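What follows is the content of input_25.txt, which has compact mmCIF, C-alpha atoms:
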```txt
# COMPACT_ATOMS: atom_id res chain seq x y z
CA MET V 791 57.99 67.08 85.94
CA ALA V 792 60.72 68.20 88.32
CA LYS V 793 59.95 71.28 90.32
CA LEU V 794 61.66 74.40 89.10
CA GLU V 795 63.92 75.54 91.95
CA LYS V 796 66.33 77.90 90.30
CA LEU V 797 66.44 79.86 87.10
CA VAL V 798 68.54 82.47 85.42
CA ILE V 799 67.04 85.67 84.06
CA ALA V 800 68.37 86.72 80.68
CA SER V 801 68.49 90.43 81.36
CA ASN V 802 70.85 92.98 82.81
CA ASN V 803 68.12 95.63 82.96
CA GLN V 804 67.70 96.47 86.64
CA GLY V 805 64.14 97.66 86.17
CA LYS V 806 63.07 94.39 84.55
CA LEU V 807 64.98 92.32 87.12
CA ARG V 808 63.12 94.02 89.95
CA GLU V 809 59.73 93.49 88.31
CA ILE V 810 60.38 89.83 87.54
CA ASN V 811 61.80 89.08 90.99
CA THR V 812 58.78 90.59 92.70
CA LEU V 813 56.31 88.65 90.62
CA LEU V 814 58.07 85.28 90.95
CA ALA V 815 58.76 85.61 94.67
CA PRO V 816 55.63 83.68 95.78
CA LEU V 817 56.82 80.58 93.93
CA SER V 818 60.00 80.09 95.99
CA ILE V 819 62.09 79.97 92.86
CA GLU V 820 65.62 81.27 93.24
CA VAL V 821 66.06 83.84 90.52
CA ILE V 822 69.63 84.60 89.43
CA PRO V 823 70.57 87.41 87.04
CA GLN V 824 72.70 86.34 84.09
CA SER V 825 75.37 88.83 85.14
CA ASP V 826 76.27 86.35 87.92
CA PHE V 827 77.52 84.09 85.13
CA ASN V 828 79.26 86.90 83.26
CA ALA V 829 76.71 86.56 80.49
CA GLY V 830 76.64 89.79 78.49
CA GLU V 831 73.76 91.03 76.41
CA ILE V 832 73.36 89.59 72.96
CA ASP V 833 71.95 91.04 69.77
CA GLU V 834 68.22 90.99 69.17
CA PRO V 835 68.29 90.35 65.45
CA HIS V 836 64.83 88.95 64.89
CA GLY V 837 61.68 90.55 63.61
CA THR V 838 59.47 89.03 66.31
CA PHE V 839 59.47 89.53 70.05
CA VAL V 840 59.22 85.78 70.64
CA GLU V 841 62.27 84.90 68.58
CA ASN V 842 64.34 87.59 70.31
CA ALA V 843 63.23 86.29 73.70
CA LEU V 844 64.18 82.74 72.67
CA ALA V 845 67.62 83.88 71.55
CA LYS V 846 68.19 85.64 74.88
CA ALA V 847 66.98 82.68 76.93
CA ARG V 848 69.23 80.24 75.07
CA HIS V 849 72.23 82.49 75.62
CA ALA V 850 71.53 82.66 79.35
CA CYS V 851 71.02 78.87 79.48
CA ARG V 852 74.31 78.19 77.79
CA CYS V 853 76.19 80.58 80.09
CA SER V 854 74.62 79.24 83.29
CA GLY V 855 73.58 75.63 82.74
CA LEU V 856 70.25 76.59 84.34
CA PRO V 857 66.68 76.90 83.06
CA ALA V 858 66.31 80.43 81.74
CA LEU V 859 63.62 83.06 81.55
CA ALA V 860 63.82 85.88 79.02
CA ASP V 861 61.49 88.63 78.04
CA ASP V 862 61.33 90.77 74.98
CA SER V 863 59.13 93.77 75.02
CA GLY V 864 58.48 97.03 73.30
CA ILE V 865 56.01 99.75 72.61
CA CYS V 866 53.85 99.70 69.49
CA VAL V 867 52.41 103.02 68.36
CA SER V 868 49.35 103.01 66.10
CA ALA V 869 50.21 106.16 64.13
CA LEU V 870 53.65 104.71 63.42
CA ASN V 871 52.32 101.37 62.17
CA GLY V 872 53.48 99.58 65.29
CA SER V 873 56.94 101.16 65.52
CA PRO V 874 59.20 101.25 67.44
CA GLY V 875 58.00 97.68 68.22
CA VAL V 876 60.83 95.16 68.36
CA ASN V 877 63.28 98.04 67.95
CA SER V 878 62.05 99.92 71.02
CA ALA V 879 65.28 99.60 73.01
CA ARG V 880 67.42 100.86 70.15
CA TYR V 881 64.89 103.14 68.44
CA ALA V 882 67.33 106.08 68.42
CA GLY V 883 70.36 103.88 67.67
CA GLU V 884 73.34 102.73 69.71
CA PRO V 885 74.19 103.06 72.52
CA LYS V 886 70.74 102.40 74.00
CA SER V 887 69.30 105.55 75.55
CA ASP V 888 65.85 105.97 77.05
CA GLU V 889 66.22 109.73 76.74
CA ARG V 890 67.03 109.77 73.03
CA ASN V 891 64.41 107.10 72.32
CA ASN V 892 61.72 109.19 73.96
CA LEU V 893 62.79 112.36 72.13
CA LYS V 894 62.64 110.51 68.83
CA LEU V 895 59.19 109.13 69.60
CA ILE V 896 57.74 112.51 70.52
CA ALA V 897 59.24 114.06 67.39
CA ALA V 898 57.76 111.30 65.23
CA LEU V 899 54.29 112.03 66.64
CA LYS V 900 54.52 115.81 66.29
CA ASN V 901 51.18 117.28 65.16
CA ASN V 902 49.65 113.81 65.16
CA SER V 903 46.43 113.51 67.11
CA ASP V 904 46.40 109.69 67.10
CA ARG V 905 48.25 108.88 70.30
CA ARG V 906 47.21 105.25 70.79
CA ALA V 907 49.95 102.85 71.80
CA TYR V 908 50.46 99.64 73.66
CA TYR V 909 53.29 98.01 75.46
CA TYR V 910 53.75 94.37 74.51
CA CYS V 911 55.78 91.72 76.29
CA VAL V 912 56.62 88.10 75.52
CA ILE V 913 58.24 85.92 78.15
CA VAL V 914 59.77 82.55 77.39
CA LEU V 915 60.99 79.94 79.82
CA ILE V 916 63.17 77.07 78.64
CA ARG V 917 64.49 74.05 80.54
CA HIS V 918 67.71 73.86 78.51
CA ALA V 919 69.14 75.50 75.41
CA ASP V 920 67.61 72.89 73.07
CA ASP V 921 64.21 72.74 74.76
CA PRO V 922 61.74 71.98 71.94
CA GLN V 923 58.78 73.25 73.91
CA PRO V 924 59.39 76.62 75.55
CA ILE V 925 56.72 78.08 77.76
CA ILE V 926 55.55 81.24 75.97
CA VAL V 927 53.30 83.86 77.56
CA ASP V 928 52.51 87.41 76.58
CA GLY V 929 50.71 90.54 77.65
CA SER V 930 49.54 93.82 76.13
CA TRP V 931 48.97 97.11 77.97
CA TYR V 932 47.04 99.87 76.24
CA GLY V 933 47.59 103.59 76.70
CA GLU V 934 48.55 106.71 74.83
CA ILE V 935 51.66 108.74 74.23
CA ILE V 936 51.89 112.21 75.79
CA ASP V 937 54.44 114.84 74.85
CA GLN V 938 55.50 115.95 78.33
CA PRO V 939 57.20 113.30 80.47
CA ARG V 940 55.67 112.68 83.87
CA GLY V 941 56.93 110.60 86.79
CA GLU V 942 60.19 109.17 88.03
CA GLY V 943 59.44 105.44 88.23
CA GLY V 944 59.73 102.67 85.66
CA PHE V 945 62.06 102.83 82.69
CA GLY V 946 61.98 103.02 78.91
CA TYR V 947 59.01 104.93 77.55
CA ASP V 948 57.15 104.94 80.87
CA PRO V 949 57.18 108.74 81.45
CA HIS V 950 55.34 109.25 78.14
CA PHE V 951 52.95 106.28 78.41
CA PHE V 952 49.67 107.60 79.80
CA VAL V 953 47.16 105.13 81.24
CA SER V 954 43.73 106.74 81.30
CA GLU V 955 42.18 104.42 83.88
CA PHE V 956 44.69 105.75 86.43
CA GLY V 957 45.08 109.25 85.00
CA LYS V 958 48.82 108.68 85.29
CA THR V 959 51.79 107.71 83.23
CA SER V 960 53.40 104.34 83.78
CA ALA V 961 56.30 106.20 85.45
CA GLU V 962 53.87 107.71 88.00
CA LEU V 963 52.42 104.36 89.06
CA SER V 964 53.77 102.56 92.10
CA ALA V 965 55.76 99.43 91.40
CA GLU V 966 52.90 97.44 92.94
CA GLN V 967 50.33 98.98 90.62
CA LYS V 968 52.51 98.56 87.56
CA ASN V 969 53.30 94.93 88.39
CA ILE V 970 49.62 94.08 88.39
CA ILE V 971 48.51 95.72 85.17
CA SER V 972 51.55 96.12 82.96
CA HIS V 973 52.30 94.06 79.85
CA ARG V 974 55.10 92.30 81.77
CA GLY V 975 52.90 91.85 84.82
CA GLN V 976 50.19 90.21 82.73
CA ALA V 977 52.68 87.88 81.04
CA LEU V 978 54.28 86.94 84.37
CA THR V 979 50.89 86.31 85.90
CA HIS V 980 50.19 83.81 83.13
CA LEU V 981 53.59 82.25 83.71
CA VAL V 982 52.97 81.89 87.44
CA GLU V 983 49.65 80.15 86.68
CA ILE V 984 51.42 77.68 84.41
CA LEU V 985 54.17 77.01 86.95
CA ARG V 986 51.63 76.60 89.77
CA ALA V 987 49.77 74.05 87.66
CA GLY V 988 53.00 72.08 87.37
CA LYS V 989 53.09 72.46 83.59
CA PHE V 990 56.86 72.90 83.41
CA MET N 684 41.85 95.95 64.24
CA ALA N 685 40.44 94.85 60.90
CA LYS N 686 38.35 91.72 61.00
CA LEU N 687 40.09 88.64 59.72
CA GLU N 688 38.07 87.49 56.69
CA LYS N 689 40.39 85.17 54.88
CA LEU N 690 43.50 83.22 55.74
CA VAL N 691 45.76 80.65 54.22
CA ILE N 692 46.63 77.44 56.03
CA ALA N 693 50.27 76.44 55.78
CA SER N 694 49.69 72.73 55.42
CA ASN N 695 49.04 70.20 52.73
CA ASN N 696 48.11 67.52 55.26
CA GLN N 697 44.47 66.66 54.53
CA GLY N 698 43.86 65.44 58.06
CA LYS N 699 45.04 68.70 59.58
CA LEU N 700 43.15 70.76 57.01
CA ARG N 701 39.90 69.03 57.89
CA GLU N 702 40.43 69.54 61.63
CA ILE N 703 41.35 73.21 61.27
CA ASN N 704 38.48 73.94 58.88
CA THR N 705 35.94 72.41 61.23
CA LEU N 706 37.18 74.34 64.24
CA LEU N 707 37.36 77.70 62.48
CA ALA N 708 34.01 77.35 60.72
CA PRO N 709 32.00 79.25 63.38
CA LEU N 710 34.10 82.38 62.82
CA SER N 711 33.09 82.87 59.18
CA ILE N 712 36.69 83.03 58.12
CA GLU N 713 37.40 81.77 54.65
CA VAL N 714 40.16 79.22 55.02
CA ILE N 715 42.29 78.50 51.95
CA PRO N 716 44.89 75.73 51.74
CA GLN N 717 48.32 76.85 50.62
CA SER N 718 48.17 74.38 47.74
CA ASP N 719 45.75 76.84 46.08
CA PHE N 720 48.78 79.14 45.75
CA ASN N 721 51.10 76.35 44.63
CA ALA N 722 52.97 76.68 47.90
CA GLY N 723 54.89 73.47 48.55
CA GLU N 724 56.01 72.20 51.92
CA ILE N 725 59.17 73.67 53.37
CA ASP N 726 61.79 72.22 55.66
CA GLU N 727 61.22 72.23 59.39
CA PRO N 728 64.78 72.90 60.44
CA HIS N 729 64.24 74.26 63.94
CA GLY N 730 64.52 72.65 67.32
CA THR N 731 61.27 74.13 68.62
CA PHE N 732 57.72 73.60 67.47
CA VAL N 733 57.04 77.33 67.56
CA GLU N 734 59.93 78.27 65.27
CA ASN N 735 58.93 75.60 62.77
CA ALA N 736 55.36 76.86 62.81
CA LEU N 737 56.59 80.42 62.24
CA ALA N 738 58.70 79.32 59.29
CA LYS N 739 55.74 77.54 57.72
CA ALA N 740 53.39 80.48 58.29
CA ARG N 741 55.81 82.94 56.72
CA HIS N 742 56.21 80.74 53.68
CA ALA N 743 52.44 80.54 53.22
CA CYS N 744 52.13 84.31 53.70
CA ARG N 745 54.73 85.04 51.08
CA CYS N 746 53.13 82.67 48.56
CA SER N 747 49.61 83.96 49.10
CA GLY N 748 49.78 87.56 50.32
CA LEU N 749 47.24 86.56 52.98
CA PRO N 750 47.39 86.22 56.75
CA ALA N 751 48.57 82.69 57.48
CA LEU N 752 47.95 80.03 60.07
CA ALA N 753 50.46 77.24 60.63
CA ASP N 754 50.71 74.46 63.11
CA ASP N 755 53.60 72.36 64.18
CA SER N 756 52.91 69.33 66.24
CA GLY N 757 54.38 66.07 67.36
CA ILE N 758 54.30 63.31 69.88
CA CYS N 759 56.61 63.35 72.88
CA VAL N 760 57.27 60.02 74.59
CA SER N 761 58.47 60.00 78.19
CA ALA N 762 60.64 56.89 77.93
CA LEU N 763 62.36 58.39 74.88
CA ASN N 764 63.12 61.71 76.57
CA GLY N 765 60.49 63.50 74.53
CA SER N 766 61.34 61.95 71.15
CA PRO N 767 60.21 61.88 68.40
CA GLY N 768 59.08 65.44 69.36
CA VAL N 769 59.79 67.99 66.64
CA ASN N 770 60.94 65.13 64.39
CA SER N 771 57.65 63.24 64.60
CA ALA N 772 56.72 63.61 60.94
CA ARG N 773 60.11 62.37 59.75
CA TYR N 774 60.99 60.06 62.65
CA ALA N 775 61.79 57.16 60.31
CA GLY N 776 63.42 59.40 57.68
CA GLU N 777 62.36 60.57 54.23
CA PRO N 778 59.95 60.24 52.57
CA LYS N 779 57.49 60.85 55.40
CA SER N 780 55.59 57.69 56.26
CA ASP N 781 53.11 57.20 59.09
CA GLU N 782 53.55 53.45 58.80
CA ARG N 783 57.32 53.44 59.16
CA ASN N 784 57.19 56.08 61.90
CA ASN N 785 54.82 53.94 63.94
CA LEU N 786 56.92 50.80 63.44
CA LYS N 787 60.00 52.65 64.62
CA LEU N 788 58.20 54.00 67.67
CA ILE N 789 56.91 50.60 68.74
CA ALA N 790 60.36 49.08 68.25
CA ALA N 791 61.95 51.85 70.35
CA LEU N 792 59.55 51.05 73.21
CA LYS N 793 59.98 47.26 73.06
CA ASN N 794 60.07 45.77 76.58
CA ASN N 795 59.56 49.23 78.06
CA SER N 796 56.71 49.46 80.54
CA ASP N 797 56.69 53.28 80.62
CA ARG N 798 54.19 54.12 77.88
CA ARG N 799 53.39 57.73 78.77
CA ALA N 800 53.24 60.15 75.87
CA TYR N 801 51.61 63.36 74.85
CA TYR N 802 50.75 65.02 71.63
CA TYR N 803 51.77 68.67 71.51
CA CYS N 804 50.66 71.36 69.06
CA VAL N 805 51.63 74.97 68.53
CA ILE N 806 49.59 77.14 66.21
CA VAL N 807 50.75 80.54 65.02
CA LEU N 808 48.79 83.13 63.13
CA ILE N 809 50.52 86.04 61.42
CA ARG N 810 49.11 89.06 59.63
CA HIS N 811 52.01 89.29 57.18
CA ALA N 812 55.41 87.69 56.74
CA ASP N 813 57.16 90.29 58.93
CA ASP N 814 54.50 90.39 61.66
CA PRO N 815 56.44 91.14 64.87
CA GLN N 816 53.67 89.83 67.08
CA PRO N 817 52.32 86.46 65.97
CA ILE N 818 49.43 84.96 67.84
CA ILE N 819 50.81 81.81 69.47
CA VAL N 820 48.64 79.15 71.11
CA ASP N 821 49.35 75.60 72.13
CA GLY N 822 47.81 72.45 73.49
CA SER N 823 48.94 69.14 75.03
CA TRP N 824 47.02 65.86 74.98
CA TYR N 825 48.11 63.08 77.30
CA GLY N 826 47.86 59.35 76.61
CA GLU N 827 49.96 56.25 76.25
CA ILE N 828 51.49 54.26 73.44
CA ILE N 829 50.10 50.79 72.70
CA ASP N 830 51.81 48.20 70.52
CA GLN N 831 48.83 47.09 68.44
CA PRO N 832 47.28 49.76 66.21
CA ARG N 833 43.55 50.34 66.61
CA GLY N 834 41.15 52.44 64.56
CA GLU N 835 40.97 53.90 61.10
CA GLY N 836 40.52 57.60 61.81
CA GLY N 837 43.02 60.38 62.35
CA PHE N 838 46.56 60.26 61.01
CA GLY N 839 50.14 60.10 62.23
CA TYR N 840 50.55 58.15 65.46
CA ASP N 841 46.81 58.11 66.22
CA PRO N 842 46.31 54.31 65.97
CA HIS N 843 48.89 53.79 68.73
CA PHE N 844 47.88 56.73 70.96
CA PHE N 845 45.57 55.38 73.65
CA VAL N 846 43.41 57.79 75.61
CA SER N 847 42.36 56.14 78.86
CA GLU N 848 39.38 58.43 79.56
CA PHE N 849 37.74 57.12 76.37
CA GLY N 850 39.24 53.63 76.40
CA LYS N 851 40.08 54.24 72.76
CA THR N 852 42.97 55.27 70.57
CA SER N 853 42.91 58.64 68.91
CA ALA N 854 42.20 56.82 65.62
CA GLU N 855 39.04 55.29 67.14
CA LEU N 856 37.56 58.59 68.24
CA SER N 857 35.08 60.39 66.04
CA ALA N 858 36.31 63.57 64.40
CA GLU N 859 33.96 65.52 66.68
CA GLN N 860 35.42 63.93 69.82
CA LYS N 861 38.97 64.40 68.67
CA ASN N 862 38.40 68.03 67.72
CA ILE N 863 37.27 68.84 71.23
CA ILE N 864 40.02 67.20 73.25
CA SER N 865 43.06 66.85 71.02
CA HIS N 866 46.22 68.94 71.27
CA ARG N 867 45.23 70.72 68.04
CA GLY N 868 41.67 71.12 69.21
CA GLN N 869 42.82 72.75 72.43
CA ALA N 870 45.16 75.11 70.60
CA LEU N 871 42.49 76.06 68.07
CA THR N 872 39.98 76.64 70.85
CA HIS N 873 42.39 79.15 72.39
CA LEU N 874 42.85 80.74 69.00
CA VAL N 875 39.12 81.08 68.45
CA GLU N 876 38.80 82.79 71.87
CA ILE N 877 41.50 85.27 70.88
CA LEU N 878 39.89 85.97 67.50
CA ARG N 879 36.43 86.32 69.07
CA ALA N 880 37.87 88.86 71.51
CA GLY N 881 39.11 90.87 68.54
CA LYS N 882 42.74 90.52 69.56
CA PHE N 883 44.00 90.09 66.03
```
Is it possible to express this structure as structure tokens?
Amino acid sequence: MAKLEKLVIASNNQGKLREINTLLAPLSIEVIPQSDFNAGEIDEPHGTFVENALAKARHACRCSGLPALADDSGICVSALNGSPGVNSARYAGEPKSDERNNLKLIAALKNNSDRRAYYYCVIVLIRHADDPQPIIVDGSWYGEIIDQPRGEGGFGYDPHFFVSEFGKTSAELSAEQKNIISHRGQALTHLVEILRAGKF
Amino acid sequence: MAKLEKLVIASNNQGKLREINTLLAPLSIEVIPQSDFNAGEIDEPHGTFVENALAKARHACRCSGLPALADDSGICVSALNGSPGVNSARYAGEPKSDERNNLKLIAALKNNSDRRAYYYCVIVLIRHADDPQPIIVDGSWYGEIIDQPRGEGGFGYDPHFFVSEFGKTSAELSAEQKNIISHRGQALTHLVEILRAGKF
């Protein structure tokens, strides 16, 4: 199969773009954000992470004519039966707001001692918009939700996502640490293995 | 997470049912065909294997109220740009016919020296019809297409799918051999690893 030399990333989220760029850098793949092709964000209407990621990747493919990588991710909280899940980005409604999302999450867990949660990420990579065989990888990152935000790094729910093995929230970890162990880092590591093996 | 004790298989294909049953047997999961719930086959309208598998799994879930496993698979031929691919089962139109599909494939490759092909399989497992996080595994099995059918085992394109490491077609392999190396075998092996690790 032809070597992958260039791809578009179906995201305008600067935090995600940074993480993805860092993790794909060793592969000498030129990574172009979809904003370079004036591709706006699309709806995420599906009930699964993988179908939302596919929809985003196809949109970026069509706008750019390039192979496209898209992720869909969210945080799944045990005491809330997996919510906010696929609705994590818009948990507190439109327009998307990390601040309001986090306030809503903490309110929903008030007086609840079960704080278990995990971040989940699916990444898909497609050669073209009608690719019948997308590469699909995923990752899960386990932690717990704390009421008081800590840290300035990351994005989304990171200031409230406490990782006991580090004694820190995701927002307190360095980008290097987070890239190794996070849900997105795990998924991208799998992707890099697949690309290195020439399976795309 | 609760141990998986029972699941429905979203297929009425006896060949697939046998393969899946054999490979899941060590896990002590009771595997029930969807025909036990009078669930008929549904369309496979999507352009990706994974979306077709999801559609089939959801249908089986809704009919049975059980977690559901579905596969979607096909054969992708290099000289035909990956066809029949997602259309493998209905390559020669309705009603589905292995015999007519194989005749069409051999005709399409007439005088073509490039015989490379691979079988591809995606398996999804969902807890319920709205499961946001299906388990998704896949497998690819490389071989080449030969004009003269050989062997009585297997199904689909097996009599024309020659595996050079065995010097046999897929239809000449024993069920045990095929279960270890086939596209479906590989995917199910990944699934068993995931289930053993308690990740469902």
Exercise for the section: Fewer than 4 positions away in the same chain doesn't count, so skip those; otherwise give me all residues within 10 Å of Leu797 (chain V), counting only C-alpha atoms, as a PyMOL selection string. Expected result: chain V and resi 819-824+850-851+854-859+915-917
Create the file for the chosen residues now, containing C-alpha atoms and written as a short mmCIF file (atom, residue, chain, number, x, y, z; two decimals), keeping the file's coordinate frame.
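This is the output file part-v5.cif:
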```cif
data_model
loop_
_atom_site.label_atom_id
_atom_site.label_comp_id
_atom_site.auth_asym_id
_atom_site.auth_seq_id
_atom_site.Cartn_x
_atom_site.Cartn_y
_atom_site.Cartn_z
CA ILE V 819 62.09 79.97 92.86
CA GLU V 820 65.62 81.27 93.24
CA VAL V 821 66.06 83.84 90.52
CA ILE V 822 69.63 84.60 89.43
CA PRO V 823 70.57 87.41 87.04
CA GLN V 824 72.70 86.34 84.09
CA ALA V 850 71.53 82.66 79.35
CA CYS V 851 71.02 78.87 79.48
CA SER V 854 74.62 79.24 83.29
CA GLY V 855 73.58 75.63 82.74
CA LEU V 856 70.25 76.59 84.34
CA PRO V 857 66.68 76.90 83.06
CA ALA V 858 66.31 80.43 81.74
CA LEU V 859 63.62 83.06 81.55
CA LEU V 915 60.99 79.94 79.82
CA ILE V 916 63.17 77.07 78.64
CA ARG V 917 64.49 74.05 80.54
#
```
Exercise for the section: For region 818-821 of chain N, work out the shell of residues within 10 Å, counting only C-alpha atoms and skipping chain neighbours fewer than 6 positions away, then give it as a ChimeraX atom specification. Expected result: /V:840,923,925-928 /N:732-733,736-737,752-756,803-810,866-874,877-878,882-883
Exercise for the section: Find the residue from V:Gly933, V:Pro874, V:Gly883, V:Pro939 that sits nearest to chain N; use only C-alpha atoms when measuring. Expected result: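 Residue with the minimum atom-to-atom distance to chain N: V:Pro874.
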Handout entry: From V:Pro885, V:Gly805, V:Pro835, V:Pro924, residue lying nearest chain N [only C-alpha atoms]
Key =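 Distance minimum relative to chain N lands on V:Pro924.
With only C-alpha atoms taken into account, chain N has Gly730, Thr731, Phe732, Val769, Asp813, Asp814, Pro815 and Gln816 of chain N at most 7 Å from chain V.
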Please provide the set of residues having any atom within 10 Å of region 886-897 of chain V, restricted to all atoms listed in the file, with same-chain residues fewer than 3 positions apart removed, written as a PDB file with C-alpha atoms, in the frame of the given file.
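This went into around-v7.pdb:
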```pdb
ATOM      1  CA  VAL V 867      52.410 103.020  68.360  1.00  0.00           C
ATOM      2  CA  LEU V 870      53.650 104.710  63.420  1.00  0.00           C
ATOM      3  CA  SER V 873      56.940 101.160  65.520  1.00  0.00           C
ATOM      4  CA  PRO V 874      59.200 101.250  67.440  1.00  0.00           C
ATOM      5  CA  SER V 878      62.050  99.920  71.020  1.00  0.00           C
ATOM      6  CA  ALA V 879      65.280  99.600  73.010  1.00  0.00           C
ATOM      7  CA  ARG V 880      67.420 100.860  70.150  1.00  0.00           C
ATOM      8  CA  TYR V 881      64.890 103.140  68.440  1.00  0.00           C
ATOM      9  CA  ALA V 882      67.330 106.080  68.420  1.00  0.00           C
ATOM     10  CA  GLY V 883      70.360 103.880  67.670  1.00  0.00           C
ATOM     11  CA  LYS V 900      54.520 115.810  66.290  1.00  0.00           C
ATOM     12  CA  ASN V 901      51.180 117.280  65.160  1.00  0.00           C
ATOM     13  CA  ASN V 902      49.650 113.810  65.160  1.00  0.00           C
ATOM     14  CA  ILE V 935      51.660 108.740  74.230  1.00  0.00           C
ATOM     15  CA  ILE V 936      51.890 112.210  75.790  1.00  0.00           C
ATOM     16  CA  ASP V 937      54.440 114.840  74.850  1.00  0.00           C
ATOM     17  CA  GLN V 938      55.500 115.950  78.330  1.00  0.00           C
ATOM     18  CA  PRO V 939      57.200 113.300  80.470  1.00  0.00           C
ATOM     19  CA  PHE V 945      62.060 102.830  82.690  1.00  0.00           C
ATOM     20  CA  GLY V 946      61.980 103.020  78.910  1.00  0.00           C
ATOM     21  CA  TYR V 947      59.010 104.930  77.550  1.00  0.00           C
ATOM     22  CA  ASP V 948      57.150 104.940  80.870  1.00  0.00           C
ATOM     23  CA  PRO V 949      57.180 108.740  81.450  1.00  0.00           C
ATOM     24  CA  HIS V 950      55.340 109.250  78.140  1.00  0.00           C
TER      25      HIS V 950
END
```
Problem - Straight-line distance linking CA of Asn695 (chain N) with CA of Phe844 (chain N), stated in Å to one decimal - result: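 Separation between CA of Asn695 (chain N) and CA of Phe844 (chain N): 22.7 Å.
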Problem - CA of Gly944 (chain V) to CA of Ala965 (chain V), distance in Å rounded to a single decimal - result: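 Distance reported for this atom pair: 7.7 Å.
CA of Asn696 (chain N) is found 27.0 Å from CA of Arg798 (chain N).
Among the candidates N:Leu856, N:Ile692, N:Ala762, N:Val875, the one nearest to Phe720 (chain N) when counting only C-alpha atoms is N:Ile692.
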Handout entry: Counting only C-alpha atoms, the option among N:Thr705, N:Leu710, N:Glu777, N:Leu792 closest to Lys686 (chain N)
Key =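 Among the listed residues, N:Leu710 lies closest to Lys686 (chain N).
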Handout entry: Which of N:Gly723, N:Arg833, N:Glu859, N:Ser847 sits closest to Ile703 (chain N) [using only C-alpha atoms]
Key =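 Of the candidates, the smallest distance to Ile703 (chain N) is held by N:Glu859.
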